Amino acid sequence: MKRSISLLAAMAMAVCPLNEVNAQIHATGGMIKPQKDTFVVKPKDDSASKVDTIAITGMNYAGPYKTVKPYVTDETDAAGKKYDAQEAALDQSVNMDALKSAPVMHNLPVKSNDLQIHLAGFSIDNSSYAKADLIYEGPEKHQFFLDGKPVSGTSLKLEPGTHQVAVKYLTDTTSCDGLKVSLATSSNITTGAAQDRLYSLDVNTQGLSCNSAALSPSGKYYSLTYTFIRNDGKRDTYSEIHESASGKLIFHNEKPVRWMSDSDSYYFTENGADGERLMRVDVVTNVKSVLAENIPQGPFTISPKEDFAIFMIETEGPKEGDVHQILTPEDRQPGWRNRVHLAKLDFATGNLQRLTFGHRNAWITDISSDGSRILLFTDSYDLSRRPTSMMTLLQMDLETMAVDTLALNDGFVRGASYSADGKKVACIGSPEAFDHIGQNVPEGRTPNMYDIQLYVIDLATKQVKPLTRDFAPSVSDVEWSAFDGKIYLTAEDKDCVNLYRIDPETAKAECLDNQEDDIYSFSLAKGSPQLIYSGQSLCNADRVWLINTKKGKQTLVADVSAQRLDGIKLGEGGEYEFTSSRGDLINGFYVLPPDFDPAKKYPLIVHYYGGCNPSTRYCVGSYSPQYYAAQGYVFYVVNPSGASGFGQEFASRHVNTAGQGVAEDIIEGVQNFCKDHPFVDSKHIGCFSASYGGFMTQLLLAKSDIFATGISHAGISDHTSYWGEGYWGYSYSEVSMANSYPWSHKDLYVDNSPLYMADKIHTPLLFLHGSADTNVPIGESIQMFTALKLLGCETAFVVVDGENHGIREYSKRRQWLRTISAWFAKYLKEDSTWWDELYPPKDL
């Protein structure tokens with residue numbers, strides 16, 4: 001049973017009080033030799049902190065395991081070492097997982113008629129970073145393990161989570177008084193036998209995930225693509241193909257596979273004798289065939305009739321030396337001068353026909369069902385207008401090479417796909433696309449370009465019909481069903497990503513009642529009413545569901561969450577909405593710590609969007625609510641004004657406000673949440689986010705003193721410098737500062753930049769930044785950090801070398817997450833132990 005023992009109670013139960021053994025400690029600082037044959041290990045007492053001694057009163061026990069002497073060919077091994085039966089037995093590998101289901105014993109065996117191996121273990125729960133020292137009394141030959149790794153010495157350093165401590169020991173005919181283990185610690189920890197575990201850094205960054213799910217054209221089969229992240233950060237990616245009716249595993253492949261367009265066959269690429277070749281495998285017969293040899297490099301789309309593929313081929317642009325001219329702001333980006341053209345590879349002949357030529361890029365977006373036409377985009381730039389990057393949507397007849405223009409120099413169109421009959425085209429774009437036909441904001445207001453709408457073009461009349469003008473969710477991915485003629489899509493819907501289908505004739509939208517809060521992939525069958533989707537929710541990791549779109553029946557076909565989160569204690573989550581002082585209903589949600597006690601007070605962490613897409617309900621990820629809840633925090637997410645997924649008017653508040661109104665929504669949200677939830681410790685509230693959210697952290701601390709600390713990752717401190725220096729600074733400002741520029745709107749670019757209100761910040765603020773950030777350059781953190789240092793404000797700056805806007809490399813990502821947790825612990829728990837461990841004080 002898990003227990004937390006007070007100082008007095010622990011001292012009463014302690015096995016070996018420190019004052020009785022200090023004199024016996026060897027010069028090595030760890031081992032003592034008391035009377036009889038009992039062996040004791042105790043730590044040095046060099047801490048001035050108040051120390052509790054926690055006796056482990058019951059441990060899971062597995063064993064005994066017999067030892068077998070190997071056949072000895074020589075007196076010594078290659079290193080000149082003689083065979084030692086006890087050392088060899090202690091080195092013998094034993095399955096630590098056996099302790100998970102092993103019974104609890106209070107009197108462990110310490111004597112046997114022959115040499116035997118035993119395994120005993122217990123768990124430690126700590127929601128904060130902790131240190132502890134092992135105290136051991138028992139058989140001399142033993143080895144401790146922490147989370148399966150050998151422990152050197154007696155000291156344990158415990159990151160927040162649940163840890164498994166095991167001791168492997170040997171017994172023979174020699175007797176001792178028993179085996180007892182205690183922990184000496186000044187940290188708040190609980191101990192017990194094997195139990196459910198806390199959601200930890202390892203849980204969040206290691207293990208299995210399902211990246212995508214797709215149906216075969218008939219719907220009789222589905223494929224799943226998995227990634228497993230090992231504890232050394234290496235990734236194993238593989239695919240499985242299952243039978244839809246039974247779930248039976250048909251095929252396993254060590255690389256991702258994709259379905260052909262019309263047959264129940266999948267394809268992949270592999271290295272051939274003359275280069276890369278395209279392979280096809282029939283699922284029913286398992287017959288493997290070559291579709292094409294020596295294929296071009298680049299992405300490709302296979303035609304619906306499976307007789308050709310359209311490739312996007314990149315060619316290098318003009319190069320210059322180390323001293324070179326920058327032609328446009330985009331020319332700073334590596335590879336910008338390269339250009340992409342389209343080419344058609346005929347599978348029967350192997351001929352490659354070039355389809356586009358020129359200095360503009362061209363991208364394919366779809367092929368008609370009869371294979372006669374394609375939809376493609378070309379790009380162009382005009383720095384004198386908004387948006388500066390423009391797209392032209394074209395339809396090309398592959399027989400005649402005739403081209404029809406569907407949208408000319410429209411910077412607001414994003415994607416396009418054919419209807420099954422090829423008579424219409426579904427397009428996605430912002431509300432300003434197609435000459436504002438789908439716009440629905442108050443007069444004089446500029447729509448948010450990240451609030452995506454759905455349109456349909458009738459190819460016969462060229463008429464464009466907006467389908468989502470009055471539909472609040474923001475459209476993400478779209479697929480036009482060949483089976484029922486409806487358009488299926490995922491959409492940001494408040495703090496969820498939901499599945500919808502829309503009737504293209506009536507524009508009526510219907511939510512499919514998906515079983516996950518955050519859908520990130522879906523696929524339709526061509527010949528049956530089947531849809532498969534994958535996603536996760538606030539209290540579960542990845543799961544995959546199969547829907548009969550005609551009957552509405554849903555079946556769980558893959559539950560990665562059950563494996564990844566097996567035995568993990570999760571905090572309960574809930575919705576929280578409030579009405580702001582401006583009369584708006586502001587959305588949000590929260591997660592409570594596991595084993596939540598409403599009578600206690602908990603510190604609060606507040607998170608908000610990092611661009612203008614809403615923060616959604618997911619479990620595993622960069623800002624996992626469960627990860628922070630497991631550390632003893634209430635985690636509150638607020639989606640303030642300006643977020644997409646709440647309707648065009650709400651999303652448009654992101655434009656030309658530079659955080660005004662957004663900050664007030666967050667502050668009011670925190671105040672209301674604390675008022676409605678008395679278990680929140682209102683004196684210990686932290687806030688954090690990244691990118692635009694990092695800017696919001698800085699702005700919040702300049703506007704309010706309700707926070708005890710804040711963290712800004714890759715945050716914008718000066719809108720003017722970000723506008724000019726970031727790769728996408730001025731183009732993102734086309735979204736957030738539409739038709740406003742540093743020289744024309746000082747009130748937005750200067751007066752609302754945190755750098756120019758640095759003297760109003762008096763709250764400890766941590767800056768995190770990747771040194772290679774090309775989106776928000778690291779100078780944004782440098783200049784604000786410098787300002788706060790000059791002002792005498794408590795601040796810190798941690799740089800992640802070699803990382804860009806997001807921290808991707810495994811070990812750096814884990815250290816980045818540790819840094820966030822350690823900073824919050826320092827100011828929200830008033831415990832600097834972890835921070836000082838990561839970044840020891842330096843006298844410089």
# chains A, B, ... in the order shown; residues from 1 in each chain; ligands from 1

call {"tool": "residues_around", "arguments": {"residues": "Gly161 of chain A", "least_positions_apart": "4", "cutoff": "8 Å", "atoms": "only C-alpha atoms", "output": "PDB file with N, CA, C and O atoms, in the first residue's frame"}}
result
ATOM      1  N   ASP A 125       6.487   7.457  -5.557  1.00  0.00           N
ATOM      2  CA  ASP A 125       5.717   8.497  -6.242  1.00  0.00           C
ATOM      3  C   ASP A 125       6.235   9.858  -5.796  1.00  0.00           C
ATOM      4  O   ASP A 125       6.319  10.129  -4.595  1.00  0.00           O
ATOM      5  N   ASN A 126       6.576  10.704  -6.749  1.00  0.00           N
ATOM      6  CA  ASN A 126       6.944  12.081  -6.406  1.00  0.00           C
ATOM      7  C   ASN A 126       6.456  13.015  -7.511  1.00  0.00           C
ATOM      8  O   ASN A 126       6.830  12.878  -8.664  1.00  0.00           O
ATOM      9  N   SER A 127       5.588  13.940  -7.150  1.00  0.00           N
ATOM     10  CA  SER A 127       5.063  14.884  -8.128  1.00  0.00           C
ATOM     11  C   SER A 127       6.009  16.058  -8.336  1.00  0.00           C
ATOM     12  O   SER A 127       5.804  16.868  -9.245  1.00  0.00           O
ATOM     13  N   SER A 128       7.035  16.170  -7.503  1.00  0.00           N
ATOM     14  CA  SER A 128       8.080  17.185  -7.662  1.00  0.00           C
ATOM     15  C   SER A 128       9.426  16.479  -7.748  1.00  0.00           C
ATOM     16  O   SER A 128       9.564  15.318  -7.352  1.00  0.00           O
ATOM     17  N   ARG A 197       1.116   4.245 -12.132  1.00  0.00           N
ATOM     18  CA  ARG A 197       2.204   5.221 -12.214  1.00  0.00           C
ATOM     19  C   ARG A 197       1.685   6.597 -12.581  1.00  0.00           C
ATOM     20  O   ARG A 197       0.630   6.754 -13.193  1.00  0.00           O
ATOM     21  N   LEU A 198       2.464   7.617 -12.213  1.00  0.00           N
ATOM     22  CA  LEU A 198       2.169   8.985 -12.612  1.00  0.00           C
ATOM     23  C   LEU A 198       2.601   9.205 -14.062  1.00  0.00           C
ATOM     24  O   LEU A 198       3.543   8.577 -14.553  1.00  0.00           O
ATOM     25  N   TYR A 199       1.926  10.120 -14.720  1.00  0.00           N
ATOM     26  CA  TYR A 199       2.276  10.508 -16.096  1.00  0.00           C
ATOM     27  C   TYR A 199       3.589  11.299 -16.023  1.00  0.00           C
ATOM     28  O   TYR A 199       3.653  12.368 -15.431  1.00  0.00           O
ATOM     29  N   SER A 200       4.640  10.781 -16.635  1.00  0.00           N
ATOM     30  CA  SER A 200       5.978  11.347 -16.470  1.00  0.00           C
ATOM     31  C   SER A 200       6.543  11.834 -17.797  1.00  0.00           C
ATOM     32  O   SER A 200       5.917  11.704 -18.855  1.00  0.00           O
ATOM     33  N   LEU A 201       7.768  12.342 -17.726  1.00  0.00           N
ATOM     34  CA  LEU A 201       8.479  12.762 -18.928  1.00  0.00           C
ATOM     35  C   LEU A 201       8.659  11.594 -19.878  1.00  0.00           C
ATOM     36  O   LEU A 201       8.492  11.739 -21.103  1.00  0.00           O
ATOM     37  N   ALA A 630       0.233  15.830 -13.415  1.00  0.00           N
ATOM     38  CA  ALA A 630       0.909  14.796 -12.637  1.00  0.00           C
ATOM     39  C   ALA A 630       1.968  15.377 -11.711  1.00  0.00           C
ATOM     40  O   ALA A 630       2.393  14.717 -10.753  1.00  0.00           O
ATOM     41  N   GLN A 631       2.395  16.609 -11.979  1.00  0.00           N
ATOM     42  CA  GLN A 631       3.364  17.273 -11.116  1.00  0.00           C
ATOM     43  C   GLN A 631       2.687  18.087 -10.012  1.00  0.00           C
ATOM     44  O   GLN A 631       3.348  18.848  -9.303  1.00  0.00           O
TER      45      GLN A 631
END

call {"tool": "residues_around", "arguments": {"residues": "segment 94-111 of chain A", "least_positions_apart": "6", "cutoff": "7 Å", "atoms": "only C-alpha atoms", "output": "PyMOL selection string"}}
result
chain A and resi 57-62+121+139+148+171-176+178-179+193-194

call {"tool": "write_last_selection", "arguments": {"atoms": "N, CA and C atoms", "output": "short mmCIF file (atom, residue, chain, number, x, y, z; two decimals), in the first residue's frame"}}
result
data_model
loop_
_atom_site.label_atom_id
_atom_site.label_comp_id
_atom_site.auth_asym_id
_atom_site.auth_seq_id
_atom_site.Cartn_x
_atom_site.Cartn_y
_atom_site.Cartn_z
N THR A 57 7.92 -1.03 4.29
CA THR A 57 7.39 -2.11 5.14
C THR A 57 6.92 -3.32 4.35
N GLY A 58 6.83 -3.24 3.05
CA GLY A 58 6.44 -4.38 2.23
C GLY A 58 6.95 -4.18 0.83
N MET A 59 7.46 -5.24 0.21
CA MET A 59 7.99 -5.13 -1.15
C MET A 59 7.47 -6.27 -2.00
N ASN A 60 7.32 -5.99 -3.29
CA ASN A 60 7.01 -7.05 -4.24
C ASN A 60 8.22 -7.97 -4.32
N TYR A 61 7.93 -9.27 -4.31
CA TYR A 61 9.03 -10.24 -4.30
C TYR A 61 8.88 -11.22 -5.46
N ALA A 62 9.99 -11.44 -6.17
CA ALA A 62 10.04 -12.44 -7.24
C ALA A 62 11.26 -13.32 -7.01
N GLY A 121 11.20 -5.32 -4.75
CA GLY A 121 11.09 -3.94 -5.24
C GLY A 121 9.91 -3.21 -4.66
N PRO A 139 21.52 -9.15 3.21
CA PRO A 139 22.64 -9.91 2.65
C PRO A 139 23.64 -8.99 1.94
N GLY A 148 15.02 0.14 -13.64
CA GLY A 148 15.69 -0.87 -14.46
C GLY A 148 17.16 -0.63 -14.70
N THR A 171 21.40 -15.12 -1.64
CA THR A 171 21.36 -15.83 -0.36
C THR A 171 22.08 -17.17 -0.49
N ASP A 172 22.60 -17.63 0.66
CA ASP A 172 23.17 -18.96 0.75
C ASP A 172 22.95 -19.46 2.17
N THR A 173 23.80 -20.30 2.67
CA THR A 173 23.61 -20.85 4.01
C THR A 173 23.95 -19.86 5.11
N THR A 174 24.58 -18.75 4.76
CA THR A 174 24.91 -17.72 5.75
C THR A 174 23.64 -17.01 6.20
N SER A 175 23.49 -16.79 7.49
CA SER A 175 22.28 -16.16 8.00
C SER A 175 22.51 -14.68 8.28
N CYS A 176 21.41 -13.92 8.26
CA CYS A 176 21.44 -12.51 8.68
C CYS A 176 20.09 -12.19 9.31
N GLY A 178 17.73 -10.23 8.52
CA GLY A 178 16.61 -9.91 7.64
C GLY A 178 17.02 -8.87 6.63
N LEU A 179 16.13 -8.58 5.69
CA LEU A 179 16.39 -7.55 4.68
C LEU A 179 15.43 -6.41 4.90
N ALA A 193 4.17 -0.72 -2.69
CA ALA A 193 4.40 -1.81 -3.62
C ALA A 193 4.05 -1.35 -5.03
N ALA A 194 4.27 -2.21 -6.02
CA ALA A 194 3.98 -1.87 -7.42
C ALA A 194 2.56 -1.35 -7.55
#

call {"tool": "residues_around", "arguments": {"residues": "Phe377 of chain A", "least_positions_apart": "2", "cutoff": "6 Å", "atoms": "only C-alpha atoms", "output": "PyMOL selection string"}}
result
chain A and resi 362-363+392-393

call {"tool": "write_last_selection", "arguments": {"atoms": "C-alpha atoms", "output": "PDB file, in the first residue's frame"}}
result
ATOM      1  CA  ALA A 362       3.798  24.407 -59.810  1.00  0.00           C
ATOM      2  CA  TRP A 363       2.084  21.916 -57.486  1.00  0.00           C
ATOM      3  CA  THR A 392      -3.341  30.725 -59.352  1.00  0.00           C
ATOM      4  CA  LEU A 393      -5.575  27.632 -59.526  1.00  0.00           C
TER       5      LEU A 393
END

call {"tool": "select_by_dssp", "arguments": {"residues": "segment 337-461 of chain A", "states": "strand (DSSP E)", "output": "JSON, numbers by chain"}}
result
{"A": [339, 340, 341, 342, 343, 344, 345, 346, 352, 353, 354, 362, 363, 364, 365, 366, 367, 373, 374, 375, 376, 377, 378, 379, 380, 381, 389, 390, 391, 392, 393, 394, 395, 396, 397, 403, 404, 405, 406, 407, 408, 409, 410, 413, 414, 415, 416, 417, 418, 424, 425, 426, 427, 428, 429, 453, 454, 455, 456, 457, 458]}

call {"tool": "closest_residue", "arguments": {"among": "A:Gly63, A:Pro387, A:Pro256, A:Gly411", "to": "Asn739 of chain A", "atoms": "only C-alpha atoms"}}
result
A:Pro387

call {"tool": "atom_distance", "arguments": {"atom1": "atom CA of Val290 of chain A", "atom2": "atom CA of Glu399 of chain A"}}
result
25.4 Å

call {"tool": "atom_distance", "arguments": {"atom1": "atom CA of Ile364 of chain A", "atom2": "atom CA of Met401 of chain A"}}
result
14.5 Å
